[in-house]
Amino acid sequence: MAWIIFLRYGVIMKTIFLALITLSYTVSAQTPHQSFMEIPSSNGFSSVHYSFYDGDHKIAAFYPHIYKQFDAWTEETPNLMFDSYFGIRSASATWMNTVNESSVAYLNGTGIIKVDQDITGADNFSTTTWIFSPFEIDQSAYVMLFEISGEAPPMAAFSLHNLHLGDGVNRTDNETISEYRNGWIEYGPGDSYVVYYRPITAADGHLAASAGASSPWSVMNDGGDYNGDDNPVSGNDLAMGFQFNLPSGVAAGSKAWIGIVTAVSYNGDLSGMADRVEAYVTGKSPEDLLTDEQANWAAHQARATLPANIDSREEDLVRQSIAVLRFAQVREPNTNDGNPYGQILAALPKARPASGEGIWNVAWVRDASYGIVALAKTGYVEEARNALRFMLEARSGEYEQAVGVPYNISVCRYYGSGREETDYNHQGPNIEFDDFGLFLWAFAETVKADPSNTWWHEYWDDVRDLTAGALVKLTENHTFLIAPDSSIWERHWNGNEKRFTYTTAMAVKGLCSVSSLAEDMDDTTEAQSYRDTVSKLMKGMRLNLVDTQNVLAGSMEELFSGTGYLDLAAIEAFNFGIFAPGDPISTASLQQYHQTFFDGTENGHGGYYRNDDGDWYDLQEWSFIDLRMSVALSYNGLTQRRDALLNWVVSQSEANNNLMGELYCRGTDNCPQRGDYRGSVPMIGFGPGALILALRARNETGPEALCATESTEMPGLPDVDRTEGNDAGTDDDAGNGDDITPGGKTGCDCSAAGNTQFATLPFFMALFFAIVFRIYRRKI
């Protein structure tokens, strides 16, 4: 009885403590509002970002790759852009970066950005800037167009391009701009990035110069013309400018268009890049390129199967979410240097990241899996397959010593090149077994979306032996849970790994999902093994992860400590039917989660923070958690609360150009304005992926039935140590530090399947008595 009293006392004290913290944050009611003043466009090769923060009003970022880093030895993908924008000069000169926008928005469901600006004194004409990363060209590039609608007086229009291609800390030193084919190129020392500026229609003047009185900005502003010659210009902090004269102005009811394609090459591919740009531009007007891009997006959206019963606001968000999912899937072709094609990033980069802010343009297995399932269910099956192929063909298995068994899906994430990566801190690496279950779920859903296509057969042996098989081997006999790992919130290693509820829940879902595929492949023994393992895991969760009040905890270790064990990642146990609607554990858990983690107006604005661990990141509201909570609320009949929660997320997204943020501020330190976006924007799997699944769940009566029922068997003897002592880097082509990850690591001196943190007599005695007490408590 002492153990039960300890648990009850612990959860009561924790609830009081968190309530006091929450009271200190409720400084104002949440109101949907715009707080993210950027808008990106990506074509899977590169991304361009328009910023409309105060003082910007310009293109503020151009990333030549959308992933953060190609491999451990290359620099992180740089932002090559300082700024770029248009200008006009008639009676006076106006650069558009000095003009506030009247509207900044996507053409909905596309990557086409439309920026309207009203120039003081220009009462009879209007200007619109169009920006997009073109899917009509397989190239890192963006298009910027300037539309002037008459009646406009005689004038000249200008474009300014200040990219940083040189060396030095700001990449501004030793730059060169020279004529090349039908445009100009800018480059720095060495064999690095080269930018090609290609006016779509012939410019009437051009000028390349460093900052100062002779710069393109100053010359235009001072009333001069661009009279540059064709000789190369070298210097520091160069900028390129083009001039387009409109001597007759623009007639009433007519329009004038100018535009420039900016493309970037790397690894010596200047000629190939220029060929692709010329093929894209030749014979086209600026307006033609815009029309073609609109048609490309219309064809993409025509493939969509939208969730049923969505209103117009939700459809707008779903349409833009489909576009954002497309933004974040890499289209760079595979080469001898790496295999980037198909990966789905967790987020896009930002133009104006806050100091110290994590930006997640990296291919995490977890985020990608939610995105893949959403793609498969929305009609984009080939895109889902490509994302799965990326992981199946990636170079993984480098942390086998830590995992304790052979495996083939990354324990964390991937470099852009398609090589497994994990991140380290002073507590060691992240080793995440939930990735295996997540991948199996995504794999099976993609197969199910088009069961007549046998693309997956060539990968089945590896999926069976190295992903599903790894989970079977990682299931502990003494707990009936998956072995300790870092799991969804990436708690690292070296004593921080735990038996997380989320990891075991994903194993249940993943193994169930592929059990029918095993049957299809006549692997009946494996199919039964998966079902038997699921039965044990369901038993282990009920025995070892539920407190005396029937509340599902976040991990076994935290539960056994008696305090600090609530975590909304556990919601997936209800979303995947491990605890069915109406089960006392479902009812009690949802009630406790809402009481502990909800911050907002009841059945109004507001949502959930993720757990009770208490650091800054944990304590902000998570839109992903809101969306996964909404699924559980749907399945458990709590529709009023669900509708309010979905409306809050939709309204927040709508106010921010239908881009979905990672975090909403809760009035904490460094996040004082409640509802402000923080973290990565836009999120991908944790944003559009989770949104689409939440809206689909609203039409479902409950979770899909599992492949097995809870085992009647009880956990048995301690597990055999499965560690084989392999170094993390043992591949045949490794050498001379080839397997060293950033931070000088070559793997980790740790084992999960053979974890010995609890493999002591006192631990197993404590575990035995805890189970006895729990069984006794249920019987009385």
# chains A, B, ... in the order shown; residues from 1 in each chain; ligands from 1

$ closest_atom_pairs --of "segment 55-167 of chain A" --to "segment 343-357 of chain A" --cutoff "12 Å" --atoms "only C-alpha atoms" --output "CSV"
residue,atom,partner,partner_atom,distance
A:Asp56,CA,A:Arg352,CA,10.4
A:Lys58,CA,A:Ala351,CA,10.7
A:Ile59,CA,A:Ala351,CA,8.8
A:Ala60,CA,A:Ala351,CA,5.9
A:Ala61,CA,A:Ala351,CA,5.0
A:Phe62,CA,A:Ala351,CA,8.2
A:Tyr63,CA,A:Pro349,CA,8.1
A:Pro64,CA,A:Pro349,CA,11.1
A:His65,CA,A:Pro349,CA,9.8
A:Ile66,CA,A:Leu348,CA,6.7
A:Tyr67,CA,A:Leu345,CA,7.0
A:Lys68,CA,A:Pro349,CA,7.8
A:Gln69,CA,A:Pro349,CA,11.5
A:Glu76,CA,A:Pro349,CA,11.3
A:Thr77,CA,A:Pro349,CA,9.6
A:Pro78,CA,A:Pro349,CA,10.2
A:Asn79,CA,A:Ala351,CA,7.9
A:Leu80,CA,A:Ala351,CA,10.6
A:Met81,CA,A:Ala351,CA,9.2
A:Phe82,CA,A:Ala351,CA,9.9
A:Asp83,CA,A:Ala351,CA,10.5

$ select_by_dssp --residues "segment 532-677 of chain A" --states "strand (DSSP E or B)" --output "list of chain:residue names"
A:Val546, A:Leu552, A:Ser555, A:Asp567, A:Phe598, A:Asp599, A:Gly600, A:Gly606, A:Gly607, A:Tyr608, A:Tyr609, A:Asn611, A:Glu621, A:Trp622, A:Leu663, A:Tyr664, A:Thr668, A:Cys671, A:Tyr677

$ atom_distance --atom1 "atom CA of Ala203 of chain A" --atom2 "atom CA of Ser90 of chain A"
17.4 Å

$ residues_around --residues "Tyr593 of chain A" --least-positions-apart "4" --cutoff "9 Å" --atoms "only C-alpha atoms" --output "list in words"
Val551, Leu566, Asp567, Leu568, Ala588, Ser589, Phe597, Phe598 and Tyr608 of chain A

$ write_last_selection --atoms "N, CA, C and O atoms" --output "compact mmCIF listing (two decimals), in the first residue's frame"
# COMPACT_ATOMS: atom_id res chain seq x y z
N VAL A 551 -4.45 6.37 -15.24
CA VAL A 551 -3.89 7.35 -16.16
C VAL A 551 -2.62 6.79 -16.80
O VAL A 551 -1.73 6.30 -16.10
N LEU A 566 3.62 12.43 -16.66
CA LEU A 566 2.60 12.66 -17.66
C LEU A 566 3.22 13.24 -18.94
O LEU A 566 4.08 14.12 -18.88
N ASP A 567 2.77 12.75 -20.08
CA ASP A 567 3.35 13.13 -21.37
C ASP A 567 2.31 12.90 -22.44
O ASP A 567 1.81 11.78 -22.60
N LEU A 568 1.99 13.95 -23.19
CA LEU A 568 0.93 13.81 -24.18
C LEU A 568 1.37 13.05 -25.42
O LEU A 568 0.54 12.75 -26.28
N ALA A 588 -10.01 8.07 -18.03
CA ALA A 588 -9.24 8.73 -16.97
C ALA A 588 -8.06 9.52 -17.54
O ALA A 588 -7.76 10.63 -17.09
N SER A 589 -7.41 8.96 -18.54
CA SER A 589 -6.23 9.62 -19.09
C SER A 589 -6.60 10.91 -19.80
O SER A 589 -5.96 11.95 -19.59
N PHE A 597 -2.68 19.74 -18.91
CA PHE A 597 -1.93 20.35 -20.01
C PHE A 597 -2.69 21.38 -20.82
O PHE A 597 -2.07 22.11 -21.60
N PHE A 598 -4.01 21.46 -20.67
CA PHE A 598 -4.74 22.43 -21.48
C PHE A 598 -4.55 23.83 -20.93
O PHE A 598 -4.65 24.08 -19.72
N TYR A 608 -2.66 22.60 -25.99
CA TYR A 608 -1.95 21.77 -25.02
C TYR A 608 -0.44 21.93 -25.13
O TYR A 608 0.10 22.00 -26.23

$ closest_atom_pairs --of "segment 594-638 of chain A" --to "segment 690-702 of chain A" --cutoff "6 Å" --atoms "only C-alpha atoms" --output "Markdown table"
| residue | atom | partner | partner_atom | distance |
| --- | --- | --- | --- | --- |
| A:Leu627 | CA | A:Ala694 | CA | 5.9 |
| A:Val631 | CA | A:Ala694 | CA | 5.4 |
| A:Ser634 | CA | A:Arg698 | CA | 5.6 |
| A:Tyr635 | CA | A:Gly702 | CA | 4.6 |

$ write_last_selection --atoms "N, CA and C atoms" --output "mmCIF file, in the first residue's frame"
data_model
loop_
_atom_site.group_PDB
_atom_site.id
_atom_site.type_symbol
_atom_site.label_atom_id
_atom_site.label_comp_id
_atom_site.auth_asym_id
_atom_site.auth_seq_id
_atom_site.Cartn_x
_atom_site.Cartn_y
_atom_site.Cartn_z
ATOM 1 N N LEU A 627 -3.258 18.637 -32.586
ATOM 2 C CA LEU A 627 -3.870 17.852 -33.653
ATOM 3 C C LEU A 627 -3.997 16.380 -33.279
ATOM 4 N N VAL A 631 -7.578 13.921 -32.479
ATOM 5 C CA VAL A 631 -7.928 12.577 -32.941
ATOM 6 C C VAL A 631 -8.509 11.761 -31.788
ATOM 7 N N SER A 634 -11.928 12.934 -30.994
ATOM 8 C CA SER A 634 -12.898 12.437 -31.974
ATOM 9 C C SER A 634 -13.326 11.021 -31.636
ATOM 10 N N TYR A 635 -12.370 10.156 -31.394
ATOM 11 C CA TYR A 635 -12.663 8.742 -31.178
ATOM 12 C C TYR A 635 -13.386 8.504 -29.858
#

$ atom_distance --atom1 "atom CA of Gly564 of chain A" --atom2 "atom CA of Ile488 of chain A"
16.8 Å

$ closest_residue --among "A:Thr94, A:Asn309, A:Asn656, A:Ser35" --to "Asp222 of chain A" --atoms "only C-alpha atoms"
A:Thr94

$ residues_around --residues "segment 423-428 of chain A" --least-positions-apart "2" --cutoff "7 Å" --atoms "only C-alpha atoms" --output "PDB file with N, CA and C atoms, in the first residue's frame"
ATOM      1  N   GLU A 421      21.955   9.925 -39.574  1.00  0.00           N
ATOM      2  CA  GLU A 421      22.561  10.911 -38.672  1.00  0.00           C
ATOM      3  C   GLU A 421      21.835  10.858 -37.347  1.00  0.00           C
ATOM      4  N   ASN A 430      21.027  10.540 -29.662  1.00  0.00           N
ATOM      5  CA  ASN A 430      19.628  10.126 -29.660  1.00  0.00           C
ATOM      6  C   ASN A 430      19.506   8.804 -30.404  1.00  0.00           C
ATOM      7  N   HIS A 492      18.050  11.763 -25.450  1.00  0.00           N
ATOM      8  CA  HIS A 492      19.448  11.331 -25.531  1.00  0.00           C
ATOM      9  C   HIS A 492      19.665  10.023 -24.755  1.00  0.00           C
ATOM     10  N   TRP A 493      20.867   9.791 -24.277  1.00  0.00           N
ATOM     11  CA  TRP A 493      21.282   8.468 -23.849  1.00  0.00           C
ATOM     12  C   TRP A 493      21.989   8.573 -22.501  1.00  0.00           C
ATOM     13  N   ASN A 494      22.893   7.643 -22.240  1.00  0.00           N
ATOM     14  CA  ASN A 494      23.744   7.706 -21.043  1.00  0.00           C
ATOM     15  C   ASN A 494      22.933   7.863 -19.761  1.00  0.00           C
TER      16      ASN A 494
END

$ closest_residue --among "A:Tyr617, A:Pro703, A:Asp612, A:Ala298" --to "Phe576 of chain A" --atoms "only C-alpha atoms"
A:Pro703
